[in-house]
Amino acid sequence: MFAGALLVGAAVVTAAPSVPEDDRAATHVLHRLAYGPRPGDIAAVRRLGVAAWIEQQLHPSRLDDGALEARLSAFTTLTLDARTIVQEFERPAIEERRARQQAGTTASAPDAAPGAPRPAPSAAQAKRRLVLDELEEAKLLRAVYSARQLEAVLTDAWFNHFNVFAGKGPTRSYVTAYERDAIRPHVFGRFRDLLNASAHSPAMLIYLNNIENVKGKPNENYAREIMELHTLGVAVDGAPYTERDVLEVARCFTGWTRNMKWQDPVYGTFLFKPQDHDEGPKTVLGHHIPAGGGIQDGLIVLDLLCNHPATPRFLAAKLVRRFVADDPEVAAPALVARIADVYRQTDGHIGAMVRAILTSDEFGGAFGRHGGKLARPIDLAVRMMRAVGTPRDVLVPALGDRSMAFTLWYEHLVGYNGHMFKLGQIPFAWLTPDGYPDVKLPWTSAAGMLHRWNLAFAIARGSTVPGYKPHEHRPANLVGADAIADHWILTLLGRPMLPEDREIIVNCLNGAGADPNDPGRSAGQDELRAVALILASPYMQWK
């Protein structure tokens, strides 16, 4: 249907620029550093200057996000510690299930992964699910409305890097604190601090089985992933690490677990158990660790991994992949090398690495090159909601109240049979530790494309955000299909379409493709379809 921005071989064909350079730059940074522009954002970035806007985003504490934080205060679990979550939200459901089993009645359905089919819950089960529901809802609200867009993007990126699956056993009780305390505070700081926070998080230690890692019976799961996924990258032919290194790292992390003493005020926090630690000497990556080091063995490993020559390039490629190109070592190897140097020169300062990427020529010229960056499902849903200018007041949190737009919006996106469920990306629901794919290929199935188009039409007709139909809120003084088409193209995309694609939108506004015998057809329906076509177009899908 659309000629513009379609994949052709390894390149992306895009519309010839017909907007000012400043607008193109503002549009580019809002599509890559943020979850797309809201109405007025491009003009605001242009007035401030792209460089100044990037610098603002690199210092999120300087940006007033009070309105969003006030909205998030409606959630009851986001500030709770693990002990309170277990006591108030987990235990009642567990005790109810045990009581049913002891009474010989049918036990409640087993816990399902986020987004899986949900039978009608009891009150205790509903309260238990509230923890993960609120965490997902808060993530989506931050992405749609936060002024701190780069912080939201980086929090998603680093959670994905240090992924945990919320559906694995007791992990769900700790994911709230994991994102809040281990990930978000460090996304602009030193990588060593981020790695340390993840390594001490019960969510990670439970998810990757380190709570089962004890002397005499080492569990290598966390040891392998902290090297392969978190720091060094995949080993090839014994480099940069060997299977022996995996075992030795596992021995260093024996005894790293969580506090399970219920009466202890710090129940559910990190705990080192000396009695479970292997106190023998170890050799990791050629470095000798003497016997008797206790918890220091694990801390030494964290330092070794952060200082290893393989880590800067592995992390640089990960960040370049997020912001510039799917295959950074092919598309932008010089940029990867420079960002790796920034890591070495700044002691692994993430903010400095990100700034160097965002001010590079490779980033500035990335749109339309390197095969393009395809918006992942969650990113796409948020981009569409931002593009149509979904008002804050439409999505006032009303947890569990199905008469309110907020609850229906969340269910339409994340619930069983919702758009995110069909598209295969629900927050905190990726099963394996590698995190959701950050490249286009896994998201380009025929079925996936169909669900993307369905999402576009659902947003346009006001079913995803109940009651909010974008075309009913455009300026009323626009006359004629050409003016209305140009308004929606620039409002929703921030950049022009090729003439032949724009003509499709104009024709749609003039009734092309509509049933002429439909007695209910109206100009409003034609405009709704035009908005949906723009949202479903490749111009929206690619960023």
# chains A, B, ... in the order shown; residues from 1 in each chain; ligands from 1
$ select_by_dssp --residues "segment 232-477 of chain A" --states "strand (DSSP E or B)" --output "VMD selection string"
chain A and resid 236 239 256 to 258 270 to 272 282 to 284 287 to 289 349 374
$ write_last_selection --atoms "N, CA and C atoms" --output "tab-separated table (two decimals), in the first residue's frame"
chain	number	residue	atom	x	y	z
A	236	VAL	N	33.77	-17.73	22.67
A	236	VAL	CA	34.04	-18.48	21.44
A	236	VAL	C	35.40	-19.14	21.58
A	239	ALA	N	37.35	-18.16	24.70
A	239	ALA	CA	37.70	-16.75	24.91
A	239	ALA	C	36.41	-15.92	24.81
A	256	TRP	N	25.53	-16.29	48.21
A	256	TRP	CA	24.81	-15.05	47.90
A	256	TRP	C	23.34	-15.42	47.73
A	257	THR	N	22.50	-14.94	48.63
A	257	THR	CA	21.11	-15.37	48.64
A	257	THR	C	20.22	-14.26	49.19
A	258	ARG	N	19.06	-14.61	49.69
A	258	ARG	CA	18.13	-13.63	50.24
A	258	ARG	C	17.81	-14.00	51.69
A	270	PHE	N	18.96	-8.80	50.32
A	270	PHE	CA	20.16	-9.60	50.07
A	270	PHE	C	20.77	-10.11	51.38
A	271	LEU	N	21.29	-11.33	51.34
A	271	LEU	CA	21.95	-11.92	52.50
A	271	LEU	C	23.12	-12.77	52.03
A	272	PHE	N	24.26	-12.58	52.65
A	272	PHE	CA	25.41	-13.46	52.41
A	272	PHE	C	25.49	-14.45	53.56
A	282	LYS	N	40.47	-19.72	44.42
A	282	LYS	CA	39.83	-19.76	43.11
A	282	LYS	C	40.67	-19.00	42.10
A	283	THR	N	40.48	-19.32	40.83
A	283	THR	CA	41.14	-18.59	39.75
A	283	THR	C	40.09	-18.21	38.72
A	284	VAL	N	39.91	-16.92	38.54
A	284	VAL	CA	38.89	-16.41	37.63
A	284	VAL	C	39.56	-15.54	36.58
A	287	HIS	N	43.01	-14.63	37.14
A	287	HIS	CA	43.30	-13.89	38.38
A	287	HIS	C	43.12	-14.81	39.57
A	288	HIS	N	44.14	-14.91	40.42
A	288	HIS	CA	44.08	-15.77	41.60
A	288	HIS	C	43.34	-15.07	42.74
A	289	ILE	N	42.36	-15.75	43.30
A	289	ILE	CA	41.62	-15.25	44.46
A	289	ILE	C	41.94	-16.16	45.63
A	349	HIS	N	31.16	4.99	32.77
A	349	HIS	CA	30.05	5.90	33.04
A	349	HIS	C	29.03	5.80	31.91
A	374	LEU	N	13.09	-1.03	13.76
A	374	LEU	CA	11.66	-1.30	13.84
A	374	LEU	C	11.21	-1.18	15.29
$ select_by_dssp --residues "segment 191-236 of chain A" --states "alpha helix (DSSP H)" --output "ChimeraX atom specification"
/A:191-199,202-207,221-228
$ closest_residue --among "A:Lys440, A:His473, A:Arg184, A:Arg461" --to "Gln541 of chain A" --atoms "only C-alpha atoms"
A:Lys440
$ closest_residue --among "A:Arg376, A:Arg91, A:His451, A:Arg251" --to "Lys127 of chain A" --atoms "only C-alpha atoms"
A:Arg91
